[in-house]
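Structure record follows, encoded as structure tokens.
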Amino acid sequence: MSDATTSTQAAPEAASAPGGDNGKRSMDKDSLGAITGDRPARKRSKKKISYLTINKIFHVDYKEVNVLRRFLNEHGKILSTKVSGNTAKQQRMITTCVKRAREMALLPFVISEPSTERYSRPRREGGPRRDEEQGSDSRGGDRNDSKE
């Protein structure tokens with residue numbers, strides 16, 4: 001009889017949930033990774049502080065080209081807030097000033113010739129190029145001669 005009572009007492013525990021935790025999940029770092037797909041938690045990076053905030057510049061004029069160049073990339077595009085660290089108000093001010101400076105020809109719209117040391121690619125070593133192998137015809141040369 002003791003066997004029968006033991007099996008009936010064990011049955012409700014086994015039927016509740018696998019692992020015997022009664023349907024409750026503990027939310028620690030290990031189990032949270034299993035819920036989100038076993039990916040490790042991403043660390044937040046420190047927010048970048050704007051050049052304007054550091055130097056306590058409250059207003060930028062379109063004639064201050066040296067300050068405005070800090071907010072342009074190598075192609076002449078305005079850097080995003082995420083990259084520059086500007087607040088929304090600072091970003092609007094910088095955008096307006098850069099656009100005015102471009103209209104007054106103080107800043108270029110596009111920098112067409114970037115520095116050569118950064119963008120030059122070394123030529124690959126090896127045989128001749130495809131165009132040189134096949135002659136002047138890019139489709140393979142003498143295709144129609146084989147039918148004669």
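In the structure tokens, chains take letters A, B, ... by order of appearance, with residues numbered from 1 within each chain and ligands from 1 in the order shown.
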Shell around region 83-87 of chain A at 7 Å using only C-alpha atoms, local window under 4 positions removed, as a list of chain:residue names: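 The residues that qualify are A:Lys48, A:Ile49, A:Ser50, A:Phe71, A:Leu79, A:Gln91.
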Written selection (N, CA and C atoms) as an mmCIF file, in the first residue's frame:
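Written output follows (part.cif):
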data_model
loop_
_atom_site.group_PDB
_atom_site.id
_atom_site.type_symbol
_atom_site.label_atom_id
_atom_site.label_comp_id
_atom_site.auth_asym_id
_atom_site.auth_seq_id
_atom_site.Cartn_x
_atom_site.Cartn_y
_atom_site.Cartn_z
ATOM 1 N N LYS A 48 28.578 59.095 -27.196
ATOM 2 C CA LYS A 48 29.587 60.059 -27.613
ATOM 3 C C LYS A 48 29.110 61.464 -27.265
ATOM 4 N N ILE A 49 30.020 62.292 -26.803
ATOM 5 C CA ILE A 49 29.691 63.666 -26.451
ATOM 6 C C ILE A 49 30.119 64.565 -27.598
ATOM 7 N N SER A 50 29.273 65.495 -27.940
ATOM 8 C CA SER A 50 29.493 66.360 -29.085
ATOM 9 C C SER A 50 30.679 67.295 -28.882
ATOM 10 N N PHE A 71 32.028 68.107 -38.921
ATOM 11 C CA PHE A 71 30.778 67.372 -39.017
ATOM 12 C C PHE A 71 30.510 66.857 -40.424
ATOM 13 N N LEU A 79 27.652 64.251 -41.107
ATOM 14 C CA LEU A 79 27.662 63.087 -40.225
ATOM 15 C C LEU A 79 26.362 62.999 -39.449
ATOM 16 N N GLN A 91 22.228 69.276 -34.106
ATOM 17 C CA GLN A 91 22.267 68.695 -35.443
ATOM 18 C C GLN A 91 21.499 69.560 -36.437
#
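Taking the backbone of this structure through DSSP, the residues of region 71-120 of chain A that come out as helix (DSSP H, G or I) are Thr81, Lys82, Val83, Ser84, Ala88, Lys89, Gln90, Gln91, Arg92, Met93, Ile94, Thr95, Thr96, Cys97, Val98, Lys99, Arg100, Ala101, Arg102, Glu103, Thr116, Glu117, Arg118 and Tyr119 of chain A.
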For the residues in the current selection, export N, CA and C atoms as a PDB file, in the first residue's frame.
ATOM      1  N   THR A  81      23.827  62.055 -36.221  1.00  0.00           N
ATOM      2  CA  THR A  81      23.871  62.355 -34.795  1.00  0.00           C
ATOM      3  C   THR A  81      24.562  61.248 -34.026  1.00  0.00           C
ATOM      4  N   LYS A  82      24.336  60.016 -34.458  1.00  0.00           N
ATOM      5  CA  LYS A  82      24.940  58.865 -33.786  1.00  0.00           C
ATOM      6  C   LYS A  82      26.464  58.915 -33.853  1.00  0.00           C
ATOM      7  N   VAL A  83      26.990  59.356 -34.985  1.00  0.00           N
ATOM      8  CA  VAL A  83      28.441  59.410 -35.175  1.00  0.00           C
ATOM      9  C   VAL A  83      29.039  60.644 -34.505  1.00  0.00           C
ATOM     10  N   SER A  84      28.392  61.795 -34.685  1.00  0.00           N
ATOM     11  CA  SER A  84      28.957  63.046 -34.174  1.00  0.00           C
ATOM     12  C   SER A  84      28.664  63.278 -32.699  1.00  0.00           C
ATOM     13  N   ALA A  88      19.717  66.837 -30.900  1.00  0.00           N
ATOM     14  CA  ALA A  88      18.844  67.135 -32.041  1.00  0.00           C
ATOM     15  C   ALA A  88      18.912  68.619 -32.407  1.00  0.00           C
ATOM     16  N   LYS A  89      18.957  69.472 -31.400  1.00  0.00           N
ATOM     17  CA  LYS A  89      19.033  70.916 -31.647  1.00  0.00           C
ATOM     18  C   LYS A  89      20.363  71.278 -32.315  1.00  0.00           C
ATOM     19  N   GLN A  90      21.458  70.705 -31.830  1.00  0.00           N
ATOM     20  CA  GLN A  90      22.767  70.965 -32.432  1.00  0.00           C
ATOM     21  C   GLN A  90      22.830  70.438 -33.864  1.00  0.00           C
ATOM     22  N   GLN A  91      22.228  69.276 -34.106  1.00  0.00           N
ATOM     23  CA  GLN A  91      22.267  68.695 -35.443  1.00  0.00           C
ATOM     24  C   GLN A  91      21.499  69.560 -36.437  1.00  0.00           C
ATOM     25  N   ARG A  92      20.359  70.105 -36.024  1.00  0.00           N
ATOM     26  CA  ARG A  92      19.603  71.009 -36.907  1.00  0.00           C
ATOM     27  C   ARG A  92      20.399  72.262 -37.209  1.00  0.00           C
ATOM     28  N   MET A  93      21.082  72.805 -36.193  1.00  0.00           N
ATOM     29  CA  MET A  93      21.888  74.002 -36.376  1.00  0.00           C
ATOM     30  C   MET A  93      23.056  73.726 -37.330  1.00  0.00           C
ATOM     31  N   ILE A  94      23.733  72.598 -37.149  1.00  0.00           N
ATOM     32  CA  ILE A  94      24.862  72.236 -38.015  1.00  0.00           C
ATOM     33  C   ILE A  94      24.382  72.030 -39.447  1.00  0.00           C
ATOM     34  N   THR A  95      23.264  71.338 -39.623  1.00  0.00           N
ATOM     35  CA  THR A  95      22.730  71.074 -40.961  1.00  0.00           C
ATOM     36  C   THR A  95      22.404  72.365 -41.691  1.00  0.00           C
ATOM     37  N   THR A  96      21.758  73.292 -41.001  1.00  0.00           N
ATOM     38  CA  THR A  96      21.420  74.579 -41.609  1.00  0.00           C
ATOM     39  C   THR A  96      22.665  75.349 -41.998  1.00  0.00           C
ATOM     40  N   CYS A  97      23.653  75.365 -41.100  1.00  0.00           N
ATOM     41  CA  CYS A  97      24.885  76.109 -41.371  1.00  0.00           C
ATOM     42  C   CYS A  97      25.681  75.493 -42.515  1.00  0.00           C
ATOM     43  N   VAL A  98      25.733  74.160 -42.580  1.00  0.00           N
ATOM     44  CA  VAL A  98      26.465  73.498 -43.665  1.00  0.00           C
ATOM     45  C   VAL A  98      25.790  73.800 -44.996  1.00  0.00           C
ATOM     46  N   LYS A  99      24.473  73.759 -45.032  1.00  0.00           N
ATOM     47  CA  LYS A  99      23.752  74.041 -46.279  1.00  0.00           C
ATOM     48  C   LYS A  99      23.970  75.480 -46.721  1.00  0.00           C
ATOM     49  N   ARG A 100      23.978  76.411 -45.782  1.00  0.00           N
ATOM     50  CA  ARG A 100      24.237  77.820 -46.130  1.00  0.00           C
ATOM     51  C   ARG A 100      25.672  78.002 -46.617  1.00  0.00           C
ATOM     52  N   ALA A 101      26.618  77.336 -45.961  1.00  0.00           N
ATOM     53  CA  ALA A 101      28.022  77.453 -46.370  1.00  0.00           C
ATOM     54  C   ALA A 101      28.239  76.846 -47.752  1.00  0.00           C
ATOM     55  N   ARG A 102      27.500  75.812 -48.089  1.00  0.00           N
ATOM     56  CA  ARG A 102      27.600  75.234 -49.430  1.00  0.00           C
ATOM     57  C   ARG A 102      27.055  76.192 -50.487  1.00  0.00           C
ATOM     58  N   GLU A 103      25.957  76.848 -50.157  1.00  0.00           N
ATOM     59  CA  GLU A 103      25.381  77.817 -51.102  1.00  0.00           C
ATOM     60  C   GLU A 103      26.301  79.007 -51.327  1.00  0.00           C
ATOM     61  N   THR A 116      44.313  59.856 -52.106  1.00  0.00           N
ATOM     62  CA  THR A 116      44.683  58.653 -52.838  1.00  0.00           C
ATOM     63  C   THR A 116      45.214  57.546 -51.934  1.00  0.00           C
ATOM     64  N   GLU A 117      45.820  57.885 -50.819  1.00  0.00           N
ATOM     65  CA  GLU A 117      46.409  56.850 -49.983  1.00  0.00           C
ATOM     66  C   GLU A 117      45.346  55.975 -49.317  1.00  0.00           C
ATOM     67  N   ARG A 118      44.163  56.486 -49.126  1.00  0.00           N
ATOM     68  CA  ARG A 118      43.141  55.706 -48.447  1.00  0.00           C
ATOM     69  C   ARG A 118      42.372  54.804 -49.415  1.00  0.00           C
ATOM     70  N   TYR A 119      42.153  55.249 -50.627  1.00  0.00           N
ATOM     71  CA  TYR A 119      41.285  54.532 -51.536  1.00  0.00           C
ATOM     72  C   TYR A 119      42.011  53.803 -52.659  1.00  0.00           C
TER      73      TYR A 119
END
CA of Gly76 (chain A) to CA of His59 (chain A), straight-line distance in Å: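 Computing the Euclidean distance for CA of His59 (chain A) and CA of Gly76 (chain A) yields 21.6 Å.
In this model, the gap between CA of Thr53 (chain A) and CA of His75 (chain A) comes to 24.8 Å.
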Please report the interatomic distance between CA of Phe109 (chain A) and CA of Lys56 (chain A) in Å with one decimal.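 It comes out at 27.7 Å.
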Compile the contact shell of Glu64 (chain A) as a list in words: residues with an atom at most 10 Å away, counting only C-alpha atoms, same-chain residues fewer than 2 positions apart removed. Val60, Asp61, Tyr62, Asn66, Val67, Leu68, Arg69, Cys97, Val98, Ala101 and Leu106 of chain A
Grab the residues selected above and save them as a PDB file, in the first residue's frame with C-alpha atoms.
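Output file selection20.pdb is given in full below:
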ATOM      1  CA  VAL A  60      27.705  78.113 -34.964  1.00  0.00           C
ATOM      2  CA  ASP A  61      27.741  80.525 -37.885  1.00  0.00           C
ATOM      3  CA  TYR A  62      27.924  79.365 -41.500  1.00  0.00           C
ATOM      4  CA  ASN A  66      36.735  74.938 -39.572  1.00  0.00           C
ATOM      5  CA  VAL A  67      34.043  73.977 -37.064  1.00  0.00           C
ATOM      6  CA  LEU A  68      31.649  72.815 -39.785  1.00  0.00           C
ATOM      7  CA  ARG A  69      34.262  70.573 -41.419  1.00  0.00           C
ATOM      8  CA  CYS A  97      24.885  76.109 -41.371  1.00  0.00           C
ATOM      9  CA  VAL A  98      26.465  73.498 -43.665  1.00  0.00           C
ATOM     10  CA  ALA A 101      28.022  77.453 -46.370  1.00  0.00           C
ATOM     11  CA  LEU A 106      32.552  78.039 -48.511  1.00  0.00           C
TER      12      LEU A 106
END
